[in-house]
file upload-v4.cif (mmCIF, C-alpha atoms)
data_final
loop_
_atom_site.group_PDB
_atom_site.id
_atom_site.type_symbol
_atom_site.label_atom_id
_atom_site.label_comp_id
_atom_site.auth_asym_id
_atom_site.auth_seq_id
_atom_site.Cartn_x
_atom_site.Cartn_y
_atom_site.Cartn_z
ATOM 1 C CA MET A 1 20.016 342.786 -55.340
ATOM 2 C CA SER A 2 19.053 342.904 -58.964
ATOM 3 C CA SER A 3 21.645 343.753 -61.572
ATOM 4 C CA GLU A 4 19.997 346.935 -62.846
ATOM 5 C CA GLU A 5 20.542 348.558 -59.439
ATOM 6 C CA HIS A 6 24.282 348.800 -59.999
ATOM 7 C CA ILE A 7 24.064 350.551 -63.345
ATOM 8 C CA HIS A 8 22.643 354.041 -62.960
ATOM 9 C CA HIS A 9 22.602 354.832 -59.248
ATOM 10 C CA PRO A 10 24.218 358.095 -58.141
ATOM 11 C CA THR A 11 27.582 358.077 -56.383
ATOM 12 C CA PRO A 12 27.923 359.017 -52.677
ATOM 13 C CA ALA A 13 29.177 362.469 -53.735
ATOM 14 C CA GLN A 14 26.041 362.963 -55.832
ATOM 15 C CA TYR A 15 23.870 361.864 -52.876
ATOM 16 C CA TRP A 16 25.530 364.548 -50.739
ATOM 17 C CA LYS A 17 24.800 367.156 -53.415
ATOM 18 C CA ILE A 18 21.151 366.045 -53.528
ATOM 19 C CA ALA A 19 20.981 366.347 -49.726
ATOM 20 C CA VAL A 20 22.367 369.901 -49.942
ATOM 21 C CA VAL A 21 19.643 370.773 -52.468
ATOM 22 C CA LEU A 22 17.027 369.342 -50.089
ATOM 23 C CA ALA A 23 18.458 371.309 -47.175
ATOM 24 C CA VAL A 24 18.431 374.533 -49.218
ATOM 25 C CA LEU A 25 14.814 373.939 -50.267
ATOM 26 C CA THR A 26 13.878 373.416 -46.599
ATOM 27 C CA ALA A 27 15.672 376.639 -45.646
ATOM 28 C CA ILE A 28 13.758 378.500 -48.382
ATOM 29 C CA GLU A 29 10.487 377.047 -47.031
ATOM 30 C CA VAL A 30 11.214 378.252 -43.504
ATOM 31 C CA GLY A 31 12.415 381.627 -44.816
ATOM 32 C CA LEU A 32 9.227 382.000 -46.824
ATOM 33 C CA PHE A 33 7.213 381.232 -43.690
ATOM 34 C CA TYR A 34 8.794 384.190 -41.893
ATOM 35 C CA VAL A 35 8.432 386.482 -44.920
ATOM 36 C CA ASN A 36 4.744 385.580 -44.957
ATOM 37 C CA GLN A 37 4.462 386.332 -41.241
ATOM 38 C CA ALA A 38 5.834 389.819 -41.916
ATOM 39 C CA TYR A 39 4.165 390.702 -45.224
ATOM 40 C CA ASP A 40 1.180 388.299 -45.590
ATOM 41 C CA LEU A 41 1.808 386.981 -49.102
ATOM 42 C CA GLY A 42 -1.630 385.343 -49.197
ATOM 43 C CA PHE A 43 -2.181 382.732 -51.894
ATOM 44 C CA LEU A 44 1.377 383.156 -53.204
ATOM 45 C CA ASN A 45 2.758 381.821 -49.902
ATOM 46 C CA ALA A 46 0.598 378.668 -50.062
ATOM 47 C CA ALA A 47 1.419 378.088 -53.727
ATOM 48 C CA MET A 48 5.175 378.513 -53.257
ATOM 49 C CA LEU A 49 5.310 376.321 -50.132
ATOM 50 C CA LEU A 50 3.366 373.550 -51.887
ATOM 51 C CA ILE A 51 5.647 373.745 -54.942
ATOM 52 C CA LEU A 52 8.750 373.531 -52.712
ATOM 53 C CA ALA A 53 7.294 370.545 -50.822
ATOM 54 C CA ALA A 54 6.425 368.848 -54.125
ATOM 55 C CA LEU A 55 10.007 369.401 -55.346
ATOM 56 C CA LYS A 56 11.454 367.823 -52.191
ATOM 57 C CA PHE A 57 8.977 364.943 -52.481
ATOM 58 C CA VAL A 58 9.957 364.231 -56.102
ATOM 59 C CA ILE A 59 13.698 364.454 -55.354
ATOM 60 C CA VAL A 60 13.516 361.992 -52.432
ATOM 61 C CA VAL A 61 11.306 359.548 -54.353
ATOM 62 C CA GLY A 62 13.317 359.821 -57.563
ATOM 63 C CA PHE A 63 16.877 359.730 -56.224
ATOM 64 C CA PHE A 64 16.847 358.333 -52.669
ATOM 65 C CA MET A 65 14.107 355.763 -53.338
ATOM 66 C CA HIS A 66 15.635 355.195 -56.800
ATOM 67 C CA LEU A 67 12.241 355.233 -58.480
ATOM 68 C CA ARG A 68 13.604 356.955 -61.583
ATOM 69 C CA PHE A 69 16.059 354.068 -62.022
ATOM 70 C CA GLU A 70 13.521 351.295 -61.390
ATOM 71 C CA LYS A 71 11.236 349.382 -63.724
ATOM 72 C CA SER A 72 8.070 351.190 -64.780
ATOM 73 C CA THR A 73 5.935 348.617 -62.913
ATOM 74 C CA LEU A 74 7.046 350.109 -59.603
ATOM 75 C CA SER A 75 6.484 353.681 -60.787
ATOM 76 C CA ARG A 76 2.966 352.776 -61.858
ATOM 77 C CA PHE A 77 2.194 351.149 -58.498
ATOM 78 C CA PHE A 78 3.451 354.134 -56.550
ATOM 79 C CA THR A 79 1.979 356.819 -58.796
ATOM 80 C CA ALA A 80 -1.408 355.075 -58.890
ATOM 81 C CA GLY A 81 -1.575 355.002 -55.083
ATOM 82 C CA PHE A 82 -0.593 358.660 -54.839
ATOM 83 C CA ILE A 83 -3.057 359.843 -57.518
ATOM 84 C CA LEU A 84 -5.859 357.761 -56.004
ATOM 85 C CA ALA A 85 -5.279 359.158 -52.508
ATOM 86 C CA PHE A 86 -4.759 362.746 -53.728
ATOM 87 C CA SER A 87 -7.901 362.683 -55.899
ATOM 88 C CA LEU A 88 -10.035 361.086 -53.204
ATOM 89 C CA TYR A 89 -9.079 363.546 -50.479
ATOM 90 C CA ALA A 90 -9.138 366.547 -52.833
ATOM 91 C CA ILE A 91 -12.765 365.675 -53.637
ATOM 92 C CA VAL A 92 -13.616 365.103 -49.976
ATOM 93 C CA LEU A 93 -11.998 368.362 -48.821
ATOM 94 C CA THR A 94 -13.586 370.340 -51.636
ATOM 95 C CA ALA A 95 -16.995 368.867 -50.902
ATOM 96 C CA LEU A 96 -16.659 369.676 -47.201
ATOM 97 C CA GLY A 97 -15.599 373.248 -47.838
ATOM 98 C CA VAL A 98 -11.845 373.111 -47.204
ATOM 99 C CA VAL A 99 -11.006 374.470 -50.667
ATOM 100 C CA ALA A 100 -7.828 376.371 -49.901
ATOM 101 C CA ILE A 101 -5.618 375.458 -46.983
ATOM 102 C CA ARG A 102 -4.648 378.934 -45.821
ATOM 103 C CA GLY A 103 -3.942 382.263 -47.352
ATOM 104 C CA GLY A 104 -6.484 381.873 -50.166
ATOM 105 C CA MET B 1 8.970 310.295 -57.839
ATOM 106 C CA ALA B 2 10.599 311.725 -60.937
ATOM 107 C CA ASP B 3 8.147 314.604 -60.835
ATOM 108 C CA LEU B 4 8.980 315.276 -57.207
ATOM 109 C CA ALA B 5 12.710 315.239 -57.944
ATOM 110 C CA HIS B 6 12.183 317.577 -60.876
ATOM 111 C CA GLU B 7 10.079 319.908 -58.750
ATOM 112 C CA THR B 8 12.660 320.004 -55.957
ATOM 113 C CA MET B 9 15.437 320.733 -58.428
ATOM 114 C CA ALA B 10 13.405 323.487 -60.033
ATOM 115 C CA ASP B 11 12.781 325.019 -56.611
ATOM 116 C CA HIS B 12 16.517 325.184 -55.972
ATOM 117 C CA GLU B 13 17.304 326.641 -59.379
ATOM 118 C CA HIS B 14 14.508 329.224 -59.375
ATOM 119 C CA PRO B 15 13.582 329.983 -55.759
ATOM 120 C CA GLU B 16 11.366 332.880 -56.774
ATOM 121 C CA HIS B 17 9.329 333.110 -59.931
ATOM 122 C CA GLU B 18 8.752 336.761 -60.798
ATOM 123 C CA SER B 19 6.579 337.293 -63.851
ATOM 124 C CA THR B 20 6.835 341.091 -63.389
ATOM 125 C CA GLY B 21 10.643 341.123 -63.620
ATOM 126 C CA VAL B 22 10.739 342.813 -60.217
ATOM 127 C CA ASP B 23 11.587 341.068 -56.948
ATOM 128 C CA ASN B 24 8.289 340.128 -55.294
ATOM 129 C CA ARG B 25 9.364 341.520 -51.933
ATOM 130 C CA LYS B 26 10.239 344.861 -53.490
ATOM 131 C CA LEU B 27 6.974 344.963 -55.416
ATOM 132 C CA GLY B 28 5.136 344.150 -52.186
ATOM 133 C CA MET B 29 6.875 346.982 -50.348
ATOM 134 C CA TRP B 30 6.045 349.513 -53.080
ATOM 135 C CA ALA B 31 2.415 348.333 -53.066
ATOM 136 C CA PHE B 32 2.324 348.714 -49.270
ATOM 137 C CA LEU B 33 3.838 352.203 -49.435
ATOM 138 C CA SER B 34 1.389 353.134 -52.150
ATOM 139 C CA SER B 35 -1.485 352.101 -49.870
ATOM 140 C CA GLU B 36 0.002 354.186 -47.067
ATOM 141 C CA PHE B 37 -0.849 357.320 -49.059
ATOM 142 C CA LEU B 38 -4.500 356.562 -48.332
ATOM 143 C CA PHE B 39 -3.767 356.085 -44.630
ATOM 144 C CA PHE B 40 -1.838 359.328 -44.158
ATOM 145 C CA GLY B 41 -4.106 361.143 -46.624
ATOM 146 C CA ALA B 42 -7.042 360.392 -44.336
ATOM 147 C CA LEU B 43 -5.197 361.713 -41.285
ATOM 148 C CA ILE B 44 -4.000 364.882 -43.061
ATOM 149 C CA SER B 45 -7.498 365.526 -44.426
ATOM 150 C CA ASN B 46 -8.906 365.015 -40.944
ATOM 151 C CA TYR B 47 -6.495 367.639 -39.604
ATOM 152 C CA LEU B 48 -7.374 370.103 -42.381
ATOM 153 C CA LEU B 49 -11.065 369.639 -41.652
ATOM 154 C CA TYR B 50 -10.767 370.280 -37.930
ATOM 155 C CA SER B 51 -7.727 372.542 -37.579
ATOM 156 C CA ASN B 52 -9.764 375.720 -37.988
ATOM 157 C CA ARG B 53 -13.103 374.656 -36.509
ATOM 158 C CA SER B 54 -14.003 377.285 -33.958
ATOM 159 C CA GLY B 55 -16.237 377.002 -30.909
ATOM 160 C CA PHE B 56 -14.108 374.685 -28.822
ATOM 161 C CA ALA B 57 -12.139 375.436 -25.674
ATOM 162 C CA GLY B 58 -8.394 375.271 -25.262
ATOM 163 C CA PRO B 59 -5.451 376.176 -27.442
ATOM 164 C CA TYR B 60 -5.379 375.150 -31.079
ATOM 165 C CA PRO B 61 -2.232 373.482 -32.439
ATOM 166 C CA SER B 62 -1.635 376.221 -35.022
ATOM 167 C CA GLY B 63 -1.465 378.806 -32.227
ATOM 168 C CA ILE B 64 1.334 377.096 -30.294
ATOM 169 C CA TYR B 65 3.597 375.561 -32.957
ATOM 170 C CA ASP B 66 7.316 376.099 -32.413
ATOM 171 C CA ILE B 67 8.350 376.492 -36.066
ATOM 172 C CA PRO B 68 12.136 376.868 -35.474
ATOM 173 C CA PHE B 69 12.154 373.672 -33.415
ATOM 174 C CA THR B 70 10.073 371.707 -35.937
ATOM 175 C CA SER B 71 12.255 373.024 -38.761
ATOM 176 C CA VAL B 72 15.316 371.518 -37.096
ATOM 177 C CA SER B 73 13.433 368.213 -36.574
ATOM 178 C CA SER B 74 12.451 368.204 -40.249
ATOM 179 C CA PHE B 75 16.053 368.824 -41.254
ATOM 180 C CA VAL B 76 17.206 365.929 -39.052
ATOM 181 C CA LEU B 77 14.713 363.530 -40.653
ATOM 182 C CA LEU B 78 15.624 364.757 -44.134
ATOM 183 C CA MET B 79 19.316 364.105 -43.463
ATOM 184 C CA SER B 80 18.473 360.613 -42.172
ATOM 185 C CA SER B 81 17.320 359.843 -45.719
ATOM 186 C CA LEU B 82 20.829 360.757 -46.890
ATOM 187 C CA THR B 83 22.496 358.450 -44.353
ATOM 188 C CA MET B 84 20.048 355.676 -45.289
ATOM 189 C CA VAL B 85 20.875 355.875 -48.982
ATOM 190 C CA LEU B 86 24.599 356.012 -48.119
ATOM 191 C CA ALA B 87 24.174 352.773 -46.110
ATOM 192 C CA HIS B 88 22.533 351.131 -49.118
ATOM 193 C CA ASN B 89 25.254 352.436 -51.413
ATOM 194 C CA ALA B 90 28.011 351.207 -49.073
ATOM 195 C CA LEU B 91 26.536 347.693 -49.009
ATOM 196 C CA SER B 92 26.243 347.592 -52.791
ATOM 197 C CA ARG B 93 30.012 348.337 -52.900
ATOM 198 C CA GLY B 94 30.699 345.604 -50.317
ATOM 199 C CA ASP B 95 31.764 348.173 -47.707
ATOM 200 C CA GLN B 96 30.522 346.484 -44.507
ATOM 201 C CA GLY B 97 32.071 349.072 -42.189
ATOM 202 C CA GLY B 98 30.451 351.944 -44.065
ATOM 203 C CA THR B 99 27.103 350.128 -44.053
ATOM 204 C CA ARG B 100 27.287 349.697 -40.279
ATOM 205 C CA THR B 101 28.205 353.335 -39.706
ATOM 206 C CA TRP B 102 25.494 354.802 -41.933
ATOM 207 C CA LEU B 103 22.846 352.401 -40.609
ATOM 208 C CA PHE B 104 23.604 353.474 -37.061
ATOM 209 C CA ALA B 105 23.650 357.137 -38.084
ATOM 210 C CA THR B 106 20.200 356.734 -39.674
ATOM 211 C CA ALA B 107 18.786 355.056 -36.560
ATOM 212 C CA ALA B 108 20.355 357.767 -34.374
ATOM 213 C CA LEU B 109 18.880 360.598 -36.474
ATOM 214 C CA GLY B 110 15.497 358.837 -36.354
ATOM 215 C CA ALA B 111 15.789 358.613 -32.570
ATOM 216 C CA VAL B 112 16.650 362.332 -32.388
ATOM 217 C CA PHE B 113 13.532 363.119 -34.441
ATOM 218 C CA LEU B 114 11.430 360.958 -32.095
ATOM 219 C CA GLY B 115 12.960 362.668 -29.070
ATOM 220 C CA GLY B 116 11.978 366.004 -30.597
ATOM 221 C CA GLN B 117 8.429 364.795 -31.056
ATOM 222 C CA VAL B 118 8.231 363.607 -27.448
ATOM 223 C CA PHE B 119 9.546 367.016 -26.333
ATOM 224 C CA GLU B 120 6.990 368.805 -28.525
ATOM 225 C CA PHE B 121 4.079 366.716 -27.226
ATOM 226 C CA THR B 122 5.231 367.188 -23.633
ATOM 227 C CA GLU B 123 5.500 370.948 -24.116
ATOM 228 C CA PHE B 124 2.021 371.130 -25.671
ATOM 229 C CA ILE B 125 0.468 369.104 -22.850
ATOM 230 C CA VAL B 126 2.339 370.554 -19.848
ATOM 231 C CA GLU B 127 2.928 374.159 -20.931
ATOM 232 C CA PHE B 128 -0.178 374.818 -23.016
ATOM 233 C CA ASP B 129 -2.594 372.223 -21.593
ATOM 234 C CA MET B 130 -3.468 370.952 -25.090
ATOM 235 C CA LYS B 131 -4.395 367.308 -24.565
ATOM 236 C CA LEU B 132 -5.699 364.680 -26.970
ATOM 237 C CA THR B 133 -9.311 365.470 -26.063
ATOM 238 C CA THR B 134 -9.007 369.251 -25.641
ATOM 239 C CA ASN B 135 -10.607 369.997 -29.022
ATOM 240 C CA PRO B 136 -11.021 368.279 -32.442
ATOM 241 C CA ALA B 137 -7.985 370.115 -33.869
ATOM 242 C CA ALA B 138 -5.758 368.821 -31.064
ATOM 243 C CA SER B 139 -7.105 365.270 -31.548
ATOM 244 C CA ALA B 140 -6.447 365.443 -35.289
ATOM 245 C CA PHE B 141 -2.947 366.832 -34.703
ATOM 246 C CA TYR B 142 -1.946 364.160 -32.179
ATOM 247 C CA MET B 143 -3.446 361.374 -34.325
ATOM 248 C CA LEU B 144 -1.557 362.476 -37.437
ATOM 249 C CA THR B 145 1.832 363.242 -35.920
ATOM 250 C CA GLY B 146 1.504 360.354 -33.445
ATOM 251 C CA PHE B 147 0.930 357.796 -36.199
ATOM 252 C CA HIS B 148 3.810 359.271 -38.164
ATOM 253 C CA GLY B 149 5.994 359.013 -35.051
ATOM 254 C CA ALA B 150 4.919 355.372 -34.651
ATOM 255 C CA HIS B 151 6.068 354.729 -38.213
ATOM 256 C CA VAL B 152 9.424 356.363 -37.423
ATOM 257 C CA ALA B 153 9.742 354.232 -34.263
ATOM 258 C CA ILE B 154 9.109 351.034 -36.255
ATOM 259 C CA GLY B 155 11.708 352.213 -38.765
ATOM 260 C CA VAL B 156 14.280 352.811 -36.006
ATOM 261 C CA ILE B 157 13.664 349.287 -34.640
ATOM 262 C CA MET B 158 14.163 347.780 -38.108
ATOM 263 C CA LEU B 159 17.331 349.839 -38.643
ATOM 264 C CA LEU B 160 18.785 348.788 -35.301
ATOM 265 C CA SER B 161 17.939 345.146 -36.102
ATOM 266 C CA LEU B 162 19.846 345.412 -39.370
ATOM 267 C CA TRP B 163 22.700 347.168 -37.588
ATOM 268 C CA GLY B 164 22.801 344.315 -35.043
ATOM 269 C CA ILE B 165 22.946 341.746 -37.870
ATOM 270 C CA SER B 166 25.669 343.770 -39.610
ATOM 271 C CA ARG B 167 27.867 343.479 -36.499
ATOM 272 C CA ARG B 168 27.925 339.681 -36.762
ATOM 273 C CA PRO B 169 30.962 338.018 -38.339
ATOM 274 C CA GLY B 170 30.600 338.344 -42.111
ATOM 275 C CA GLY B 171 28.270 341.335 -41.841
ATOM 276 C CA LEU B 172 25.247 341.694 -44.091
ATOM 277 C CA SER B 173 24.944 339.088 -46.844
ATOM 278 C CA GLU B 174 23.339 339.590 -50.257
ATOM 279 C CA LYS B 175 20.087 338.235 -48.791
ATOM 280 C CA HIS B 176 20.192 340.956 -46.139
ATOM 281 C CA GLY B 177 20.946 343.456 -48.903
ATOM 282 C CA MET B 178 17.357 343.179 -50.082
ATOM 283 C CA ASN B 179 16.159 343.598 -46.476
ATOM 284 C CA LEU B 180 18.225 346.773 -46.202
ATOM 285 C CA GLU B 181 16.756 348.056 -49.456
ATOM 286 C CA LEU B 182 13.203 347.390 -48.235
ATOM 287 C CA VAL B 183 13.847 349.096 -44.887
ATOM 288 C CA GLY B 184 15.376 351.975 -46.850
ATOM 289 C CA LEU B 185 12.262 352.346 -49.000
ATOM 290 C CA TYR B 186 10.114 352.396 -45.858
ATOM 291 C CA TRP B 187 12.398 354.967 -44.243
ATOM 292 C CA HIS B 188 12.380 357.310 -47.239
ATOM 293 C CA PHE B 189 8.595 357.024 -47.387
ATOM 294 C CA VAL B 190 8.337 358.121 -43.753
ATOM 295 C CA ASP B 191 10.493 361.102 -44.760
ATOM 296 C CA ILE B 192 8.328 362.125 -47.725
ATOM 297 C CA ILE B 193 5.204 361.942 -45.556
ATOM 298 C CA TRP B 194 6.900 364.305 -43.110
ATOM 299 C CA ILE B 195 7.771 366.669 -45.985
ATOM 300 C CA VAL B 196 4.020 366.957 -46.623
ATOM 301 C CA ILE B 197 3.110 367.216 -42.921
ATOM 302 C CA PHE B 198 5.738 369.905 -42.258
ATOM 303 C CA THR B 199 4.406 372.072 -45.077
ATOM 304 C CA VAL B 200 0.662 371.480 -44.826
ATOM 305 C CA VAL B 201 0.205 370.996 -41.085
ATOM 306 C CA TYR B 202 2.882 373.322 -39.698
ATOM 307 C CA LEU B 203 3.952 376.034 -42.157
ATOM 308 C CA LEU B 204 0.574 376.594 -43.808
ATOM 309 C CA SER B 205 -1.515 376.303 -40.644
ATOM 310 C CA VAL B 206 -0.011 379.188 -38.685
ATOM 311 C CA PRO B 207 -2.033 382.349 -39.323
ATOM 312 C CA SER B 208 -0.011 385.284 -40.655
#

call {"tool": "encode", "arguments": {"input": "upload-v4.cif", "output": "structure tokens"}}
result
Amino acid sequence: MSSEEHIHHPTPAQYWKIAVVLAVLTAIEVGLFYVNQAYDLGFLNAAMLLILAALKFVIVVGFFMHLRFEKSTLSRFFTAGFILAFSLYAIVLTALGVVAIRGG
Amino acid sequence: MADLAHETMADHEHPEHESTGVDNRKLGMWAFLSSEFLFFGALISNYLLYSNRSGFAGPYPSGIYDIPFTSVSSFVLLMSSLTMVLAHNALSRGDQGGTRTWLFATAALGAVFLGGQVFEFTEFIVEFDMKLTTNPAASAFYMLTGFHGAHVAIGVIMLLSLWGISRRPGGLSEKHGMNLELVGLYWHFVDIIWIVIFTVVYLLSVPS
């Protein structure tokens, strides 16, 4: 393993705290699902669920995959792939009429 | 002859030449994971295109999802990312016993997730008669979640292989440490793809 890996990585206790945050975010997602079933929040439901998913995504990539502690070369590789895929399929889905997923 | 001797010596002193400053295997894994966005992006887009297409017989996936059950499965997979990173952390501290325990825990949680998926598929097919060819939405659903499940299964096999190696005398060496890190990256990636699938395919698909 390279030397930089031992410098900034979180401790096991910090990993547990991160996992608790992830669990809470998941609980909020599921709670929001049931609130939407009862009150039909419309676009707000979709927006909030996507923001929560994005938060979980960033936390796992940043802390568990250690991307925020790695060299920028790796971040560029990963981000480029994500932006390419996201842009491509956003264009495809928009062109084919799937503009909003649900609730829009 | 002198050149050959020099070359051989250089090979021993610098087994891997990395102009990027990043281990080539790690760079390769990140490049592979980056390309996987395109793969899963295609499957998720396919689902979004067909999930609401009317005019076909049979139940649609969004009408029969068991959200509480899938929520628990999602939680299990999310926690397997914690155990994976704890295995990596334990190895970096030279804690072979901890590495073994957390590796096995990760594989076990992955197996539980897979068991949940098998149960879900069985329920959809037997109880609701939603098969792979019932309608385009069902096909898209099984393709997406099936391929994700296949990724999880491959991950479980790799984790169990590492766990088997860790049980040998001496445990995991520094060379295996990189293997564990690469398997960990793959495992966390499988988790982040599920984070997207759980939100987009399950939570946002069910009509309110």

call {"tool": "closest_atom_pairs", "arguments": {"input": "upload-v4.cif", "of": "chain B", "to": "chain A", "cutoff": "8 Å", "atoms": "all atoms listed in the file", "output": "CSV"}}
result
residue,atom,partner,partner_atom,distance
B:Thr20,CA,A:Thr73,CA,7.6
B:Val22,CA,A:Lys71,CA,7.5
B:Asp23,CA,A:Ser2,CA,7.9
B:Leu27,CA,A:Leu74,CA,6.6
B:Trp30,CA,A:Phe78,CA,6.3
B:Ala31,CA,A:Phe77,CA,6.1
B:Leu33,CA,A:Phe78,CA,7.4
B:Ser34,CA,A:Gly81,CA,4.6
B:Ser35,CA,A:Gly81,CA,6.0
B:Phe37,CA,A:Ala85,CA,5.9
B:Leu38,CA,A:Ala85,CA,5.0
B:Gly41,CA,A:Ala85,CA,6.3
B:Ala42,CA,A:Tyr89,CA,7.2
B:Ser45,CA,A:Tyr89,CA,6.6
B:Leu48,CA,A:Val98,CA,7.2
B:Leu49,CA,A:Val98,CA,6.6
B:Ser71,CA,A:Val30,CA,7.1
B:Phe75,CA,A:Ala23,CA,6.9
B:Leu78,CA,A:Leu22,CA,7.6
B:Met79,CA,A:Ala19,CA,6.9
B:Ser81,CA,A:Phe64,CA,7.1
B:Leu82,CA,A:Ala19,CA,6.3
B:Val85,CA,A:Phe64,CA,6.0
B:Leu86,CA,A:Pro12,CA,6.4
B:Asn89,CA,A:Pro12,CA,7.2
B:Ser92,CA,A:His6,CA,7.6
B:Glu174,CA,A:Met1,CA,6.9
B:Lys175,CA,A:Met1,CA,8.0
B:Gly177,CA,A:Met1,CA,6.5
B:Met178,CA,A:Met1,CA,5.9
B:Gly184,CA,A:Met65,CA,7.6
B:Leu185,CA,A:Met65,CA,5.8
B:His188,CA,A:Met65,CA,6.5
B:Phe189,CA,A:Val61,CA,7.9
B:Ile192,CA,A:Phe57,CA,5.6
B:Ile195,CA,A:Ala53,CA,6.2
B:Val196,CA,A:Ala53,CA,6.4
B:Thr199,CA,A:Ala53,CA,6.6
B:Val200,CA,A:Ile101,CA,7.7
B:Leu203,CA,A:Phe33,CA,6.3
B:Leu204,CA,A:Arg102,CA,6.1
B:Ser205,CA,A:Arg102,CA,6.6
B:Pro207,CA,A:Arg102,CA,7.8
B:Ser208,CA,A:Gln37,CA,4.6

call {"tool": "atom_distance", "arguments": {"input": "upload-v4.cif", "atom1": "atom CA of B:Ala137", "atom2": "atom CA of B:Gly58"}}
result
10.0 Å

call {"tool": "resolve_selection", "arguments": {"input": "upload-v4.cif", "expression": "the PyMOL selection byres ((chain B and resi 105) around 12)", "output": "short mmCIF file (atom, residue, chain, number, x, y, z; two decimals) with C-alpha atoms, in the frame of the given file"}}
result
data_model
loop_
_atom_site.label_atom_id
_atom_site.label_comp_id
_atom_site.auth_asym_id
_atom_site.auth_seq_id
_atom_site.Cartn_x
_atom_site.Cartn_y
_atom_site.Cartn_z
CA VAL B 76 17.21 365.93 -39.05
CA LEU B 77 14.71 363.53 -40.65
CA MET B 79 19.32 364.10 -43.46
CA SER B 80 18.47 360.61 -42.17
CA SER B 81 17.32 359.84 -45.72
CA LEU B 82 20.83 360.76 -46.89
CA THR B 83 22.50 358.45 -44.35
CA MET B 84 20.05 355.68 -45.29
CA VAL B 85 20.88 355.88 -48.98
CA LEU B 86 24.60 356.01 -48.12
CA ALA B 87 24.17 352.77 -46.11
CA GLY B 98 30.45 351.94 -44.06
CA THR B 99 27.10 350.13 -44.05
CA ARG B 100 27.29 349.70 -40.28
CA THR B 101 28.20 353.34 -39.71
CA TRP B 102 25.49 354.80 -41.93
CA LEU B 103 22.85 352.40 -40.61
CA PHE B 104 23.60 353.47 -37.06
CA THR B 106 20.20 356.73 -39.67
CA ALA B 107 18.79 355.06 -36.56
CA ALA B 108 20.36 357.77 -34.37
CA LEU B 109 18.88 360.60 -36.47
CA GLY B 110 15.50 358.84 -36.35
CA ALA B 111 15.79 358.61 -32.57
CA VAL B 112 16.65 362.33 -32.39
CA VAL B 156 14.28 352.81 -36.01
CA LEU B 159 17.33 349.84 -38.64
CA LEU B 160 18.78 348.79 -35.30
CA TRP B 163 22.70 347.17 -37.59
#

call {"tool": "atom_distance", "arguments": {"input": "upload-v4.cif", "atom1": "atom CA of B:Phe141", "atom2": "atom CA of B:Ala153"}}
result
17.9 Å

call {"tool": "closest_residue", "arguments": {"input": "upload-v4.cif", "among": "B:Leu172, B:Ile67, B:Ala90, B:Ile193", "to": "B:Phe147", "atoms": "all atoms listed in the file"}}
result
B:Ile193

call {"tool": "atom_distance", "arguments": {"input": "upload-v4.cif", "atom1": "atom CA of B:Tyr202", "atom2": "atom CA of B:Gly115"}}
result
18.1 Å

call {"tool": "residues_around", "arguments": {"input": "upload-v4.cif", "residues": "B:Tyr47", "least_positions_apart": "3", "cutoff": "9 Å", "atoms": "only C-alpha atoms", "output": "list in words"}}
result
Ala42, Leu43, Ile44, Tyr50, Ser51, Asn52, Pro136, Ala137, Ala138, Ser139, Ala140, Phe141, Met143, Leu144 and Val201 of chain B

call {"tool": "closest_residue", "arguments": {"input": "upload-v4.cif", "among": "B:Val206, B:Glu18, B:Leu162, B:Met29", "to": "B:Leu91", "atoms": "only C-alpha atoms"}}
result
B:Leu162

call {"tool": "closest_residue", "arguments": {"input": "upload-v4.cif", "among": "B:Val152, B:Tyr60, B:Gly94, B:Glu36", "to": "B:Gly171", "atoms": "all atoms listed in the file"}}
result
B:Gly94

call {"tool": "closest_residue", "arguments": {"input": "upload-v4.cif", "among": "B:Gly97, B:Phe128, B:Val183, B:Thr145", "to": "B:Gly170", "atoms": "only C-alpha atoms"}}
result
B:Gly97
